[in-house]
Amino acid sequence: MKRRGRGIACMWYPIGFTVSANPSAATVKVNEDGTATLLTGTVETGQGSLTVLAQIAAEELGIATDDVHVLSADTDAMPMDTGAIASRTTYVTGNAVRLAAEQAKLILFETAAPMLGVKPAQLEARDRKIQVKGYPQRNAAIGEVAHRSQVVMGQPAIGSASWNPPTVAMDPLTGQGKPFSTYVYATQIAEVDVDDETGEVEVLRIVAAHDCGRPINPMLVEGQVEGGISMGIGFALQEQILFDGAGVQVNPNLANYIMPTSLDMPEIEVDIVDSYDPTGPFGAKGVGEPTSVPTAAAVLNAIHDAVGVRITSLPATAEKVLAAIKQERAHNTKRIPAR
Amino acid sequence: MPKKARSAEKSPRTTTQPPGSAGEIARAHPLALPAAFPIETLVPQVRLQTPAVGQRATRPDGRLHGLGQTRYIDDLAFPGMLYAKIKRAGIAAARIRSIDTRAAEAMPGVLAVLTGREIPVNSFGPSLQDQPVLADERVFHAGDGVAAVAALTEQIAAEAIEKIVVDYEPLPAVFDPLEAMREDAPKVHAPASNIYETKVIRKGDADAALAGADHVFERQYRTQMVEHAPLEPHAAIAVWDPNGRVTIHTTLGRITLGRADISRTLKLPLNRVRIVATIVGGNFGGKNEITQEPVLALLSKKTGRPVKGVFTRGEEFASTTTRHPFVMDYRTGVSKDGRIVARKVRLVLDGGAYCSWSETTLGKACILSTGPYRIDNLLVEAHAVYTNKTMTGAMRGFGAPQVCFAYESQMDEIAATLRMDPLEIRLLNAFEEGTASPTGQVLHSVVLKDSLLRAAQRFGWKEPRS
């Protein structure tokens, strides 16, 4: 018989890593038509980070995402970056990109100030225009300003910057210190069906409420959460590298190492928690890794809620769950001694 | 309505194409041109809007993925390019007596063979340089590479590595991390201890608080080894040029560190190494460090030709990093009203044969292990341990999914014993703005309770259950 259960799990997760400095650098070049090129040493590994970085540069320059072309991942040509790791790209590289774009923007302000008859500090970049704060009708198109910077002033609008999250080393004896600049928080709730005759677990639904600071791109946040949950379900129920007695893997292939497919995926509801981190670019933190952190705990708590057995070693395969159910039944069955 | 709209469309594309058309060229030269370019590049409105932040902007690489036009490493080819294969040890612990490569070298189509002794500096690793590029004197796990071949085709390279004969002297091995911690256990990297990293977090007095707690909960949790399993395996092409400069196109997610490791192993100045990463087909932490790149570079140097290497799925599992299995002992003291007053945690991380990112994983796991809860008295002791298995390293979450499974399983056990709602006990203990973390860091932008309440509301946690 299928028995339904629900389980909750929450978590905290740091953005960046502890061992050493964790810097990123970036260069933003504003072209003479007001579009821009961003140079970054990070690598697009499928998560959409280059789109997020383009959005950050665009926001700082007051232009649109599509106005920014991103070049990445070449050690000869790109500024240094610690890499596409540790949920750090939006936060660390994003801060470097924002600062680089700001540098380029300040050159545009220098050019635009005499055009608009104000001081550079009175200007802002918005809607593809350089405009006077509080008097948006006094403006010049960003393309016009960028062209003038390069062709008349002889000062192309190029900015470079780097950023490193401030941390304090941990005391080796007590572990006290400030190992990370910031953290994110999340809760996932899983609903499962457990077949108490086979031990099979089906994850029906997961509600995920994640903090990522201010979401630069909510669609990409949702994509990360959905992908993280699929990894979390594999970790909870199926995936396991097995070794024989001589230390040789016995299932190093996708036929015998069982991963979740689209058919195993539950209904996922993503909720982005309102949050703003003043140390992140436009309030953003990060979201890549935390998405796969609480899933297994939520699923295992749901299994316990459904059939009353607590599996303490992952993965909770059908065999393991069934064995635990049988043991629980045997334990609960009153034995009448035969005479 | 849809029917009518369709009939109003332009006439369907004809199947016959004029001579010299893109379609005909594509058929004649399947690698020269993609099947079709989009005629009009439409930009979604959402990418054209200001302000840019907060928009659900689509990705420019999405169009290429959708059209099958993204060039991954295996889609790239250079004139005269060779294919490399690496011979794997298949034995978990051994001394290498000899490697006989003569039969492989004699095969038609084999242009070069490489062994570990030819690698200028045959060790790498992000915190400990304990990993050979190719095993030379000793094998530390079954997935170790022991020799490599560059040949005209992948098939010839695969056949050639079968002809390499390695004479091993088997050594005692250890596979269980708890066994590996014992004094009398075989040493994976003798004479060094198998415990290669230990971290401690101490706050308040955990023992005294446990002694005074109303309830004490104690349990051991374990997790398994898993693989990142990206769609695209590790792949690279090395091109050694006549100026003694090497360009490596590779699936690395960390090119700065990758360049440093490659320059170190090849004994080349950094400015003679160029790393070009393509769009990587999935990383999840598994492509944070070099694998075969120095091997391909040296094979390219030996042959004067570009050399490509693409890992098989089997190599992805056995010869690249995986997620650390954890053994976790939790002892938690709780007051009658459900407040956690003390927690002692002991973590043992199975590091496999090499350190890789264990130091970072250990650090994160240690800091996160007591959960996002206000607990005044803590003691966490964590050890990373060598075993003769596939090395464990960076993987999405760096130790957090393992400890979260433990602290959240125990949280539910505590709630059940105290007859409390699992949501309420979490809200009671949760971090708040300004809470001091286990390392004494005052936390800001803490929205844990918001996430608990939002998830509960969306799920319908408080609604009556059927």
# chains A, B, ... in the order shown; residues from 1 in each chain; ligands from 1
call {"tool": "residues_around", "arguments": {"residues": "A:Leu173", "least_positions_apart": "4", "cutoff": "10 Å", "atoms": "only C-alpha atoms", "output": "MDAnalysis selection string"}}
result
chainID B and resid 199:202
call {"tool": "write_last_selection", "arguments": {"atoms": "C-alpha atoms", "output": "PDB file, in the first residue's frame"}}
result
ATOM      1  CA  LYS B 199      39.543  20.864  11.667  1.00  0.00           C
ATOM      2  CA  VAL B 200      37.947  21.822  14.960  1.00  0.00           C
ATOM      3  CA  ILE B 201      35.271  24.315  15.950  1.00  0.00           C
ATOM      4  CA  ARG B 202      34.798  25.000  19.636  1.00  0.00           C
TER       5      ARG B 202
END
call {"tool": "select_by_dssp", "arguments": {"residues": "stretch 273-402 of chain B", "states": "strand (DSSP E or B)", "output": "PyMOL selection string"}}
result
chain B and resi 273-277+307-310+322+326-334+340-352+373+377-386+392
call {"tool": "write_last_selection", "arguments": {"atoms": "C-alpha atoms", "output": "PDB file, in the first residue's frame"}}
result
ATOM      1  CA  VAL B 273      50.426  28.324 -21.330  1.00  0.00           C
ATOM      2  CA  ARG B 274      47.107  29.405 -22.760  1.00  0.00           C
ATOM      3  CA  ILE B 275      43.887  27.862 -21.523  1.00  0.00           C
ATOM      4  CA  VAL B 276      40.791  28.341 -23.618  1.00  0.00           C
ATOM      5  CA  ALA B 277      37.636  26.938 -22.119  1.00  0.00           C
ATOM      6  CA  VAL B 307      46.173  15.950 -29.531  1.00  0.00           C
ATOM      7  CA  LYS B 308      42.605  15.429 -28.345  1.00  0.00           C
ATOM      8  CA  GLY B 309      41.477  13.420 -25.344  1.00  0.00           C
ATOM      9  CA  VAL B 310      37.867  12.737 -24.365  1.00  0.00           C
ATOM     10  CA  THR B 322      33.452  12.325  -6.764  1.00  0.00           C
ATOM     11  CA  PHE B 326      30.726  11.011   5.233  1.00  0.00           C
ATOM     12  CA  VAL B 327      30.478   9.165   8.542  1.00  0.00           C
ATOM     13  CA  MET B 328      28.780  11.598  10.947  1.00  0.00           C
ATOM     14  CA  ASP B 329      28.256  11.158  14.681  1.00  0.00           C
ATOM     15  CA  TYR B 330      25.809  13.638  16.189  1.00  0.00           C
ATOM     16  CA  ARG B 331      25.197  14.107  19.909  1.00  0.00           C
ATOM     17  CA  THR B 332      22.685  16.828  20.727  1.00  0.00           C
ATOM     18  CA  GLY B 333      21.385  18.154  24.023  1.00  0.00           C
ATOM     19  CA  VAL B 334      17.893  19.660  24.055  1.00  0.00           C
ATOM     20  CA  ILE B 340      19.091  22.983  21.390  1.00  0.00           C
ATOM     21  CA  VAL B 341      21.591  23.670  24.165  1.00  0.00           C
ATOM     22  CA  ALA B 342      24.604  21.692  22.976  1.00  0.00           C
ATOM     23  CA  ARG B 343      25.837  19.730  20.002  1.00  0.00           C
ATOM     24  CA  LYS B 344      28.880  17.566  19.437  1.00  0.00           C
ATOM     25  CA  VAL B 345      29.670  16.480  15.910  1.00  0.00           C
ATOM     26  CA  ARG B 346      32.367  14.178  14.611  1.00  0.00           C
ATOM     27  CA  LEU B 347      32.813  14.001  10.858  1.00  0.00           C
ATOM     28  CA  VAL B 348      34.984  11.556   8.948  1.00  0.00           C
ATOM     29  CA  LEU B 349      35.340  12.309   5.256  1.00  0.00           C
ATOM     30  CA  ASP B 350      36.434   9.544   2.921  1.00  0.00           C
ATOM     31  CA  GLY B 351      38.926  11.450   0.801  1.00  0.00           C
ATOM     32  CA  GLY B 352      39.786   8.603  -1.539  1.00  0.00           C
ATOM     33  CA  TYR B 373      20.510  27.053  14.633  1.00  0.00           C
ATOM     34  CA  ASN B 377      27.806  25.091  23.153  1.00  0.00           C
ATOM     35  CA  LEU B 378      29.464  23.341  20.258  1.00  0.00           C
ATOM     36  CA  LEU B 379      32.289  20.997  19.503  1.00  0.00           C
ATOM     37  CA  VAL B 380      32.937  19.881  15.956  1.00  0.00           C
ATOM     38  CA  GLU B 381      35.848  17.644  15.037  1.00  0.00           C
ATOM     39  CA  ALA B 382      36.311  16.729  11.411  1.00  0.00           C
ATOM     40  CA  HIS B 383      38.897  14.561   9.697  1.00  0.00           C
ATOM     41  CA  ALA B 384      39.668  13.894   6.055  1.00  0.00           C
ATOM     42  CA  VAL B 385      41.100  10.436   5.485  1.00  0.00           C
ATOM     43  CA  TYR B 386      42.880   8.738   2.603  1.00  0.00           C
ATOM     44  CA  THR B 392      36.694  12.765  -3.732  1.00  0.00           C
TER      45      THR B 392
END
call {"tool": "interface_residues", "arguments": {"of": "chain A", "to": "chain B", "cutoff": "6 Å", "atoms": "only C-alpha atoms", "output": "PyMOL selection string"}}
result
chain A and resi 9+12+43-46+51+55+59+64-66+73-76+83-84+127+174-178+185-187+209+216-219+240-241+247-248+252-253+277+289+293+297+312-314
call {"tool": "residues_around", "arguments": {"residues": "A:Val201", "least_positions_apart": "5", "cutoff": "9 Å", "atoms": "only C-alpha atoms", "output": "ChimeraX atom specification"}}
result
/A:192-195,237,303,316-318,321
call {"tool": "residues_around", "arguments": {"residues": "stretch 269-275 of chain A", "least_positions_apart": "2", "cutoff": "6 Å", "atoms": "only C-alpha atoms", "output": "ChimeraX atom specification"}}
result
/A:207-211,213-214
call {"tool": "select_by_dssp", "arguments": {"residues": "stretch 58-237 of chain B", "states": "helix (DSSP H, G or I)", "output": "number ranges by chain"}}
result
B: 60-66, 73-75, 102-105, 116-118, 154-162, 177-180, 206-211
call {"tool": "write_last_selection", "arguments": {"atoms": "C-alpha atoms", "output": "compact mmCIF listing (two decimals), in the first residue's frame"}}
result
# COMPACT_ATOMS: atom_id res chain seq x y z
CA PRO B 60 22.28 33.98 -25.84
CA ASP B 61 23.82 30.50 -25.72
CA GLY B 62 20.33 28.98 -25.53
CA ARG B 63 19.78 29.54 -29.24
CA LEU B 64 23.02 27.72 -30.07
CA HIS B 65 22.14 24.82 -27.77
CA GLY B 66 18.67 24.63 -29.27
CA ILE B 73 35.50 20.11 -27.27
CA ASP B 74 34.52 16.91 -29.03
CA ASP B 75 33.05 19.01 -31.86
CA ARG B 102 57.22 -1.57 -26.99
CA ALA B 103 54.27 -3.43 -28.50
CA ALA B 104 52.11 -0.31 -28.42
CA GLU B 105 54.81 1.84 -29.96
CA GLY B 116 54.66 9.27 -15.74
CA ARG B 117 58.47 9.41 -15.62
CA GLU B 118 58.45 11.76 -18.62
CA GLU B 154 40.65 6.89 -31.26
CA GLN B 155 40.29 3.19 -32.10
CA ILE B 156 44.03 2.70 -32.65
CA ALA B 157 44.77 4.54 -29.40
CA ALA B 158 42.28 2.32 -27.53
CA GLU B 159 43.86 -0.84 -28.98
CA ALA B 160 47.38 0.41 -28.25
CA ILE B 161 46.82 0.94 -24.52
CA GLU B 162 45.71 -2.70 -24.33
CA PRO B 177 37.69 5.47 6.15
CA LEU B 178 37.21 4.40 9.78
CA GLU B 179 39.60 1.48 9.28
CA ALA B 180 42.03 3.83 7.56
CA ALA B 206 29.55 21.25 24.90
CA ASP B 207 30.27 18.48 27.43
CA ALA B 208 28.94 20.42 30.41
CA ALA B 209 25.84 21.55 28.50
CA LEU B 210 25.15 17.99 27.31
CA ALA B 211 25.41 16.75 30.90
call {"tool": "closest_residue", "arguments": {"among": "A:Val151, A:Ala113, A:Tyr135, A:Ala284", "to": "A:Leu53", "atoms": "only C-alpha atoms"}}
result
A:Ala284
call {"tool": "atom_distance", "arguments": {"atom1": "atom CA of A:Gln188", "atom2": "atom CA of A:Gly7"}}
result
8.4 Å
call {"tool": "closest_residue", "arguments": {"among": "B:Gly145, B:Gly109, B:Gly434, B:Pro269", "to": "B:Gln131", "atoms": "only C-alpha atoms"}}
result
B:Gly145
call {"tool": "residues_around", "arguments": {"residues": "B:Arg182", "least_positions_apart": "4", "cutoff": "10 Å", "atoms": "only C-alpha atoms", "output": "PDB file with C-alpha atoms, in the first residue's frame"}}
result
ATOM      1  CA  PRO B 177      37.694   5.474   6.148  1.00  0.00           C
ATOM      2  CA  LEU B 178      37.212   4.401   9.784  1.00  0.00           C
ATOM      3  CA  PRO B 186      47.960   0.313   5.505  1.00  0.00           C
ATOM      4  CA  LYS B 187      49.174   3.836   4.723  1.00  0.00           C
ATOM      5  CA  SER B 193      49.281   9.327   8.154  1.00  0.00           C
ATOM      6  CA  ASN B 194      45.997   8.552   6.411  1.00  0.00           C
ATOM      7  CA  ILE B 195      44.408  11.435   8.356  1.00  0.00           C
TER       8      ILE B 195
END
call {"tool": "residues_around", "arguments": {"residues": "A:Tyr91", "least_positions_apart": "6", "cutoff": "8 Å", "atoms": "only C-alpha atoms", "output": "list of chain:residue names"}}
result
A:Ile15, A:Gly280, A:Pro281, A:Ala284, A:Lys285, A:Gly286
call {"tool": "decode", "arguments": {"residues": "stretch 133-194 of chain A", "atoms": "C-alpha atoms", "output": "JSON list (two decimals), in the first residue's frame"}}
result
[["chain", "number", "residue", "atom", "x", "y", "z"],
["A", 133, "LYS", "CA", 19.64, 63.19, -11.39],
["A", 134, "GLY", "CA", 16.19, 64.56, -10.67],
["A", 135, "TYR", "CA", 15.97, 66.17, -14.14],
["A", 136, "PRO", "CA", 15.74, 63.20, -16.52],
["A", 137, "GLN", "CA", 14.62, 65.47, -19.37],
["A", 138, "ARG", "CA", 18.19, 66.86, -19.41],
["A", 139, "ASN", "CA", 19.97, 63.92, -21.00],
["A", 140, "ALA", "CA", 22.15, 62.65, -23.80],
["A", 141, "ALA", "CA", 21.92, 59.25, -25.48],
["A", 142, "ILE", "CA", 24.60, 56.90, -24.13],
["A", 143, "GLY", "CA", 25.78, 56.20, -27.71],
["A", 144, "GLU", "CA", 26.30, 59.87, -28.34],
["A", 145, "VAL", "CA", 28.27, 60.24, -25.09],
["A", 146, "ALA", "CA", 30.35, 57.12, -25.73],
["A", 147, "HIS", "CA", 31.13, 58.27, -29.28],
["A", 148, "ARG", "CA", 32.16, 61.70, -28.02],
["A", 149, "SER", "CA", 34.33, 60.14, -25.29],
["A", 150, "GLN", "CA", 36.27, 58.14, -27.81],
["A", 151, "VAL", "CA", 36.31, 60.36, -30.89],
["A", 152, "VAL", "CA", 36.36, 63.89, -29.44],
["A", 153, "MET", "CA", 37.76, 63.55, -25.92],
["A", 154, "GLY", "CA", 40.14, 60.74, -26.89],
["A", 155, "GLN", "CA", 39.19, 58.80, -23.78],
["A", 156, "PRO", "CA", 37.43, 55.53, -24.63],
["A", 157, "ALA", "CA", 35.07, 54.38, -21.88],
["A", 158, "ILE", "CA", 36.88, 51.31, -20.57],
["A", 159, "GLY", "CA", 36.83, 50.22, -16.96],
["A", 160, "SER", "CA", 38.70, 47.49, -15.11],
["A", 161, "ALA", "CA", 38.28, 46.45, -11.50],
["A", 162, "SER", "CA", 38.70, 43.55, -9.12],
["A", 163, "TRP", "CA", 36.92, 42.46, -5.95],
["A", 164, "ASN", "CA", 37.78, 40.06, -3.14],
["A", 165, "PRO", "CA", 35.28, 39.22, -0.39],
["A", 166, "PRO", "CA", 36.46, 40.42, 3.04],
["A", 167, "THR", "CA", 37.05, 37.51, 5.41],
["A", 168, "VAL", "CA", 38.91, 36.81, 8.68],
["A", 169, "ALA", "CA", 41.00, 33.63, 8.99],
["A", 170, "MET", "CA", 39.75, 30.99, 11.41],
["A", 171, "ASP", "CA", 41.63, 30.28, 14.64],
["A", 172, "PRO", "CA", 43.11, 26.77, 14.16],
["A", 173, "LEU", "CA", 42.26, 25.67, 17.71],
["A", 174, "THR", "CA", 38.72, 27.01, 18.10],
["A", 175, "GLY", "CA", 37.66, 27.64, 14.51],
["A", 176, "GLN", "CA", 36.54, 31.16, 15.44],
["A", 177, "GLY", "CA", 36.67, 33.73, 12.66],
["A", 178, "LYS", "CA", 34.78, 35.14, 9.69],
["A", 179, "PRO", "CA", 35.40, 32.53, 7.03],
["A", 180, "PHE", "CA", 32.81, 33.78, 4.53],
["A", 181, "SER", "CA", 31.50, 37.17, 3.55],
["A", 182, "THR", "CA", 27.85, 36.13, 3.42],
["A", 183, "TYR", "CA", 25.46, 33.19, 3.57],
["A", 184, "VAL", "CA", 22.16, 32.16, 1.99],
["A", 185, "TYR", "CA", 19.25, 30.30, 3.58],
["A", 186, "ALA", "CA", 16.66, 27.91, 2.19],
["A", 187, "THR", "CA", 13.86, 25.51, 3.06],
["A", 188, "GLN", "CA", 12.55, 22.62, 1.01],
["A", 189, "ILE", "CA", 9.45, 20.56, 1.80],
["A", 190, "ALA", "CA", 8.98, 17.21, 0.10],
["A", 191, "GLU", "CA", 5.85, 15.14, -0.34],
["A", 192, "VAL", "CA", 6.40, 11.46, -1.06],
["A", 193, "ASP", "CA", 4.56, 8.19, -1.55],
["A", 194, "VAL", "CA", 6.24, 5.13, -0.06]]
